2 protein chains.
Amino acid sequence: MLDERKQRVLEAIIEDYILTALPVGSRTIARKYGLGVSSATIRNEMADLEEMGYLEQPHTSAGRVPSDKGYRFYVDWLMKSASLSEEHLRRIQQGYQKKAREIESLIQETIKVLSEITDYMTVVLGPQISRTKLEQIHFLKLSGNSALFVVVTTVGFVDKCIVDIPESITPEELELISEVMTHHLKGKSMEDVTRSTLSDIRMDLGKYQEFIAASLDLLEYLLNQRKEERVWVGGKTKILNQPEFQSIEKARAVFSVIDQEKVVRDLLSAATPGSIHVSIGGENRIEEVQDCSLISATFRIGTETYGKIGIIGPKRMDYSHTVAALECVEKALSEVLCRVIGA
Amino acid sequence: MLDERKQRVLEAIIEDYILTALPVGSRTIARKYGLGVSSATIRNEMADLEEMGYLEQPHTSAGRVPSDKGYRFYVDWLMKSASLSEEHLRRIQQGYQKKAREIESLIQETIKVLSEITDYMTVVLGPQISRTKLEQIHFLKLSGNSALFVVVTTVGFVDKCIVDIPESITPEELELISEVMTHHLKGKSMEDVTRSTLSDIRMDLGKYQEFIAASLDLLEYLLNQRKEERVWVGGKTKILNQPEFQSIEKARAVFSVIDQEKVVRDLLSAATPGSIHVSIGGENRIEEVQDCSLISATFRIGTETYGKIGIIGPKRMDYSHTVAALECVEKALSEVLCRVIGA
DNA sequence: TCTTAGCACTCTCTTTTGATGAGTGCTAAG
DNA sequence: CTTAGCACTCATCAAAAGAGAGTGCTAAGA
């Protein structure tokens with residue numbers, strides 16, 4: 001374990017590096033952070049810390065830079081929990097006070113708030129719709145031969161699409177069909193829907209055979225489309241503000257990886273319910289983001305995990321502030337969700 | 001007017017520059033494009049073209065680069081209309097063949113297709129929802145004290161949000177309320193909804209006074225939120241592939257401008273129904289995009305303009321290919337829209 | 001009159017060189 | 001164990017030199 005002074009030195013180096021993005025020299029530490037010892041002493045400590053793997057040296061005569069292990073120690077032991085500024089707190093409150101309370105817009109808002117107050121990129125993972133229970137199915141007749149097909153699931157997700165319907169079907173018949181389908185499918189997840197359920201529906205609605213078959217196909221298609229957790233990404237261009245991504249190439253590497261939803265799912269899989277998870281540089285399994293850190297959390301409705309939020313920044317990110325922001329937003333979001341979707 | 005040979009030289013220079021992004025020298029033209037004259041002759045022509053304002057010279061001993069006027073001449077007179085590759089045509093067809101035909105996903109698909117096949121950024125402007133006619137209003141009871149509030153307008157837009165409702169209201173009552181509201185509001189745009197309409201509704205639904213008031217507020221909020229044409233942007237990171245935006249600063253300038261929806265609306269305001277519009281560099285009024293060109297078109301349902309599509313690339317963009325792609329996609333989209341939303 | 005070969009000239013880009021300075025490691029004295 | 005002192009390393013910056021691409025001009029040829 002590191003003795004007290006080594007911890008102070010490591011802390012100072014990391015905090016200075018987070019601030020400046022420049023390798024930190026012994027003299028800087030001695031002057032700016034009052035440890036009461038000379039730069040030579042700091043230098044010795046730094047040499048030790050390097051040997052122990054907490055620091056790295058870009059080249060012989062440069063200052064030190066924290067290693068993944070160094071950040072890890074900082075996050076686990078040294079970091080003080082920050083509190084958000086009044087302004088940020090207000091921003092978060094405001095964001096969730098808008099009238100519209102649709103899941104989709106709540107998530108959009110979450111991404112916006114987090115990107116704004118942290119200045120990093122934010123990703124959100126929704127639930128696996130195909131696993132959630134169907135709640136209601138509705139056909140609303142539109143003009144001519146089209147109808148709006150609305151599918152509602154228990155976790156408040158609403159999906160809709162426009163479908164062709166036979167010209168001859170009346171609004172009343174559509175109403176009936178909606179009711180029968182809802183009756184048969186309510187409480188089931190798409191994975192639950194067995195052949196027998198489907199034939200039950202066909203039985204009850206024999207008259208509309210073809211239309212029903214088409215609708216069920218569509219339902220399956222809709223839910224399959226959402227087989228995987230849905231991914232939202234926001235604040236991408238914030239990356240360009242970080243000096244470590246000035247080189248375009250690096251920025252592009254990150255972009256191209258984040259654009260693949262599968263990768264985002266993989267990344268966030270580490271997030272566990274109930275606490276904030278920090279994944280630093282090489283701890284991420286995806287190679288292209290090993291210059292990045294990820295801070296993630298889950299949000300929930302009541303006690304049930306609903307989705308995940310991740311904040312992606314450079315390894316040199318402001319961990320304490322970001323963690324504070326994420327904690328706060330997660331709480332606010334879970335709260336609103338609980339109230340809106342409700343248990 | 002330019003004589004035949006000058007036109008050929010200008011054409012060659014522009015096409016070479018589009019390809020390479022490097023100032024074009026007289027020797028390159030003489031060698032690569034068989035004009036049958038020596039580089040010295042080309043040189044004289046280039047000097048003339050420069051004096052006439054079609055070309056520019058980054059510095060004394062560099063090759064020439066097309067000016068805005070040069071591109072304009074190229075687009076108006078020289079450019080041959082390209083035809084899309086089999087592969088691209090297939091890609092477009094495929095994209096619109098998916099089952100789900102919701103407006104939103106059609107637009108998403110449009111953005112995706114265009115960004116992919118052109119490798120530039122794509123923006124889409126939807127209609128001004130608050131101007132379109134309301135078609136249906138529905139409350140679907142969810143669990144407990146919440147309901148799904150669905151608003152359908154004639155152009156196929158569906159908006160929805162979750163609202164609190166008094167616990168005491170039954171599904172049947174909600175149904176009634178939906179019907180009354182639809183009856184009173186159908187065919188009206190939000191701008192049409194007068195005080196008298198609102199009080200009519202209140203009259204008919206006196207019993208639900210408070211709830212109705214809240215719902216109308218919400219409706220107003222929803223539609224106001226869509227007061228301006230909605231903006232979608234996609235393929236942003238394609239910009240980083242262009243050599244003219246290697247410098248981060250330029251890329252960031254464009255990003256920060258495109259993120260402002262208002263600016264995108266302004267930019268696309270030039271697009272006129274029925275034809276492709278090309279806006280080159282300084283022809284754009286917004287300063288930050290004067291290194292860019294914009295190719296725009298409108299798409300429609302039947303004969304009515306529905307929205308606008310714009311493709312933003314460097315001035316040096318491949319105009320003929322992009323125009324071809326945009327034309328093709330616009331046609332395909334308008335077709336699908338007509339079939340789906342229908343007249 | 002138009003075209004073209006030839007040539008001097010210009011200017012960017014790349015490479016080289018040297019100076020600067022931040023930072024280190026080591027040593028020896030306190 | 002701490003620290004002043006010092007030699008050493010190496011990135012960075014600026015100036016200098018060299019190369020190369022491209023030009024404009026001139027004069028000769030068609």
# chains A, B, ... in the order shown; residues from 1 in each chain; ligands from 1

call {"tool": "closest_atom_pairs", "arguments": {"of": "chain D", "to": "chain B", "cutoff": "12 Å", "atoms": "only C-alpha atoms (C1' of nucleotides)", "output": "tab-separated table"}}
result
residue	atom	partner	partner_atom	distance
D:DG20	C1'	B:Ser61	CA	10.9
D:DA21	C1'	B:Ala62	CA	7.3
D:DG22	C1'	B:Ser61	CA	5.0
D:DT23	C1'	B:Ser61	CA	5.4
D:DG24	C1'	B:Arg43	CA	8.9
D:DC25	C1'	B:Asn44	CA	10.9

call {"tool": "closest_atom_pairs", "arguments": {"of": "chain A", "to": "chain B", "cutoff": "9 Å", "atoms": "only C-alpha atoms", "output": "CSV"}}
result
residue,atom,partner,partner_atom,distance
A:Lys99,CA,B:Leu218,CA,7.3
A:Ala100,CA,B:Cys161,CA,5.9
A:Arg101,CA,B:Ile162,CA,5.5
A:Glu102,CA,B:Cys161,CA,4.8
A:Ile103,CA,B:Ile162,CA,8.3
A:Ser105,CA,B:Cys161,CA,8.9
A:Glu135,CA,B:Leu142,CA,8.1
A:Gln136,CA,B:Leu142,CA,8.3
A:His138,CA,B:Leu140,CA,8.9
A:Leu140,CA,B:Gln136,CA,8.8
A:Leu142,CA,B:Glu135,CA,8.1
A:Ser143,CA,B:Gly342,CA,7.9
A:Gly144,CA,B:Gly342,CA,7.7
A:Asn145,CA,B:Gly342,CA,8.6
A:Ser146,CA,B:Val340,CA,7.2
A:Leu148,CA,B:Val158,CA,8.7
A:Val152,CA,B:Leu142,CA,8.7
A:Thr154,CA,B:Ser143,CA,8.5
A:Gly156,CA,B:Ile162,CA,8.4
A:Val158,CA,B:Lys160,CA,8.4
A:Lys160,CA,B:Glu102,CA,7.3
A:Cys161,CA,B:Glu102,CA,4.7
A:Ile162,CA,B:Glu102,CA,5.3
A:Val163,CA,B:Arg101,CA,7.0
A:Asp164,CA,B:Val340,CA,7.6
A:Leu218,CA,B:Lys99,CA,7.3
A:Tyr221,CA,B:Lys99,CA,7.8
A:Leu222,CA,B:Ala100,CA,7.5
A:Thr237,CA,B:Phe255,CA,7.6
A:Leu240,CA,B:Ile248,CA,7.2
A:Asn241,CA,B:Arg252,CA,8.8
A:Gln246,CA,B:Ile248,CA,6.7
A:Ser247,CA,B:Ile248,CA,8.0
A:Ile248,CA,B:Gln246,CA,6.7
A:Glu249,CA,B:Leu240,CA,9.0
A:Arg252,CA,B:Leu240,CA,7.4
A:Phe255,CA,B:Thr237,CA,7.6
A:Ser256,CA,B:Thr237,CA,8.7
A:Val340,CA,B:Ser146,CA,7.2
A:Ile341,CA,B:Ser146,CA,7.5
A:Gly342,CA,B:Gly144,CA,7.8
A:Ala343,CA,B:Ser143,CA,8.4

call {"tool": "select_by_dssp", "arguments": {"residues": "stretch 98-316 of chain B", "states": "strand (DSSP E)", "output": "PyMOL selection string"}}
result
chain B and resi 121-125+134-141+146-153+158-164+231-234+277-280+292-301+304-314

call {"tool": "closest_atom_pairs", "arguments": {"of": "chain C", "to": "chain A", "cutoff": "10 Å", "atoms": "only C-alpha atoms (C1' of nucleotides)", "output": "JSON lines"}}
result
{"residue": "C:DA22", "atom": "C1'", "partner": "A:Ala62", "partner_atom": "CA", "distance": 7.4}
{"residue": "C:DG23", "atom": "C1'", "partner": "A:Ser61", "partner_atom": "CA", "distance": 5.0}
{"residue": "C:DT24", "atom": "C1'", "partner": "A:Ser61", "partner_atom": "CA", "distance": 5.4}
{"residue": "C:DG25", "atom": "C1'", "partner": "A:Arg43", "partner_atom": "CA", "distance": 8.9}

call {"tool": "residues_around", "arguments": {"residues": "D:DC6", "least_positions_apart": "2", "cutoff": "10 Å", "atoms": "only C-alpha atoms (C1' of nucleotides)", "output": "list in words"}}
result
DC26 and DT27 of chain C; DA4 and DC8 of chain D

call {"tool": "residues_around", "arguments": {"residues": "stretch 14-16 of chain C", "least_positions_apart": "4", "cutoff": "12 Å", "atoms": "only C-alpha atoms (C1' of nucleotides)", "output": "JSON, numbers by chain"}}
result
{"D": [15, 16, 17, 18, 19, 20]}

call {"tool": "atom_distance", "arguments": {"atom1": "atom C1' of C:DT17", "atom2": "atom CA of A:Leu22"}}
result
27.1 Å

call {"tool": "closest_residue", "arguments": {"among": "B:Phe211, B:Leu134, B:Arg285, B:Val180", "to": "B:Glu167", "atoms": "only C-alpha atoms"}}
result
B:Phe211

call {"tool": "closest_residue", "arguments": {"among": "B:Gly34, B:Glu109, B:Lys6, B:Thr41", "to": "C:DC2", "atoms": "only C-alpha atoms (C1' of nucleotides)"}}
result
B:Thr41

call {"tool": "atom_distance", "arguments": {"atom1": "atom CA of B:Leu106", "atom2": "atom CA of B:Val278"}}
result
23.8 Å

call {"tool": "residues_around", "arguments": {"residues": "A:Leu84", "least_positions_apart": "2", "cutoff": "10 Å", "atoms": "only C-alpha atoms (C1' of nucleotides)", "output": "list in words"}}
result
Ser81, Ala82, Glu86, Glu87, His88, Leu89, Arg90, Ile117, Ser320, His321, Thr322, Val323, Ala324, Ala325 and Cys328 of chain A

call {"tool": "select_by_dssp", "arguments": {"residues": "stretch 29-165 of chain B", "states": "alpha helix (DSSP H)", "output": "PyMOL selection string"}}
result
chain B and resi 29-32+39-51+68-73+86-95+103-118

call {"tool": "closest_residue", "arguments": {"among": "C:DC11, C:DA5, C:DA19, C:DA29", "to": "D:DA28", "atoms": "only C-alpha atoms (C1' of nucleotides)"}}
result
C:DA5

call {"tool": "atom_distance", "arguments": {"atom1": "atom CA of B:Ser196", "atom2": "atom CA of B:Ala214"}}
result
16.9 Å

call {"tool": "residues_around", "arguments": {"residues": "A:His183", "least_positions_apart": "4", "cutoff": "12 Å", "atoms": "only C-alpha atoms (C1' of nucleotides)", "output": "ChimeraX atom specification"}}
result
/A:134-138,176-179,187-188,197-198,200-201,204

call {"tool": "write_last_selection", "arguments": {"atoms": "N, CA and C atoms", "output": "PDB file, in the first residue's frame"}}
result
ATOM      1  N   LEU A 134     -46.326  -6.946 -22.917  1.00  0.00           N
ATOM      2  CA  LEU A 134     -47.233  -6.135 -23.712  1.00  0.00           C
ATOM      3  C   LEU A 134     -48.355  -5.653 -22.824  1.00  0.00           C
ATOM      4  N   GLU A 135     -48.791  -4.460 -23.059  1.00  0.00           N
ATOM      5  CA  GLU A 135     -49.829  -3.884 -22.216  1.00  0.00           C
ATOM      6  C   GLU A 135     -51.109  -3.654 -23.031  1.00  0.00           C
ATOM      7  N   GLN A 136     -50.923  -2.973 -24.139  1.00  0.00           N
ATOM      8  CA  GLN A 136     -52.085  -2.668 -24.960  1.00  0.00           C
ATOM      9  C   GLN A 136     -51.711  -2.690 -26.421  1.00  0.00           C
ATOM     10  N   ILE A 137     -52.690  -3.026 -27.230  1.00  0.00           N
ATOM     11  CA  ILE A 137     -52.501  -2.965 -28.670  1.00  0.00           C
ATOM     12  C   ILE A 137     -53.694  -2.234 -29.248  1.00  0.00           C
ATOM     13  N   HIS A 138     -53.408  -1.252 -30.057  1.00  0.00           N
ATOM     14  CA  HIS A 138     -54.491  -0.435 -30.586  1.00  0.00           C
ATOM     15  C   HIS A 138     -54.336  -0.195 -32.068  1.00  0.00           C
ATOM     16  N   LEU A 176     -62.687  -3.672 -32.176  1.00  0.00           N
ATOM     17  CA  LEU A 176     -62.874  -5.052 -31.718  1.00  0.00           C
ATOM     18  C   LEU A 176     -61.557  -5.822 -31.816  1.00  0.00           C
ATOM     19  N   ILE A 177     -60.938  -5.691 -32.974  1.00  0.00           N
ATOM     20  CA  ILE A 177     -59.675  -6.398 -33.176  1.00  0.00           C
ATOM     21  C   ILE A 177     -58.659  -5.983 -32.112  1.00  0.00           C
ATOM     22  N   SER A 178     -58.585  -4.695 -31.862  1.00  0.00           N
ATOM     23  CA  SER A 178     -57.658  -4.198 -30.850  1.00  0.00           C
ATOM     24  C   SER A 178     -57.923  -4.874 -29.520  1.00  0.00           C
ATOM     25  N   GLU A 179     -59.204  -4.933 -29.177  1.00  0.00           N
ATOM     26  CA  GLU A 179     -59.546  -5.502 -27.872  1.00  0.00           C
ATOM     27  C   GLU A 179     -59.168  -6.964 -27.774  1.00  0.00           C
ATOM     28  N   GLY A 187     -49.782  -8.816 -20.877  1.00  0.00           N
ATOM     29  CA  GLY A 187     -49.022  -9.516 -19.848  1.00  0.00           C
ATOM     30  C   GLY A 187     -47.988 -10.468 -20.410  1.00  0.00           C
ATOM     31  N   LYS A 188     -48.019 -10.685 -21.705  1.00  0.00           N
ATOM     32  CA  LYS A 188     -47.016 -11.565 -22.299  1.00  0.00           C
ATOM     33  C   LYS A 188     -45.885 -10.745 -22.901  1.00  0.00           C
ATOM     34  N   THR A 197     -51.051 -19.095 -28.604  1.00  0.00           N
ATOM     35  CA  THR A 197     -51.658 -17.778 -28.441  1.00  0.00           C
ATOM     36  C   THR A 197     -52.093 -17.234 -29.789  1.00  0.00           C
ATOM     37  N   LEU A 198     -51.190 -17.372 -30.722  1.00  0.00           N
ATOM     38  CA  LEU A 198     -51.481 -16.829 -32.034  1.00  0.00           C
ATOM     39  C   LEU A 198     -52.694 -17.507 -32.655  1.00  0.00           C
ATOM     40  N   ASP A 200     -55.051 -18.898 -31.066  1.00  0.00           N
ATOM     41  CA  ASP A 200     -56.231 -18.433 -30.316  1.00  0.00           C
ATOM     42  C   ASP A 200     -56.783 -17.166 -30.926  1.00  0.00           C
ATOM     43  N   ILE A 201     -55.866 -16.265 -31.203  1.00  0.00           N
ATOM     44  CA  ILE A 201     -56.310 -14.999 -31.758  1.00  0.00           C
ATOM     45  C   ILE A 201     -56.959 -15.217 -33.117  1.00  0.00           C
ATOM     46  N   ASP A 204     -60.453 -16.466 -32.664  1.00  0.00           N
ATOM     47  CA  ASP A 204     -61.431 -15.453 -32.269  1.00  0.00           C
ATOM     48  C   ASP A 204     -61.745 -14.463 -33.385  1.00  0.00           C
TER      49      ASP A 204
END
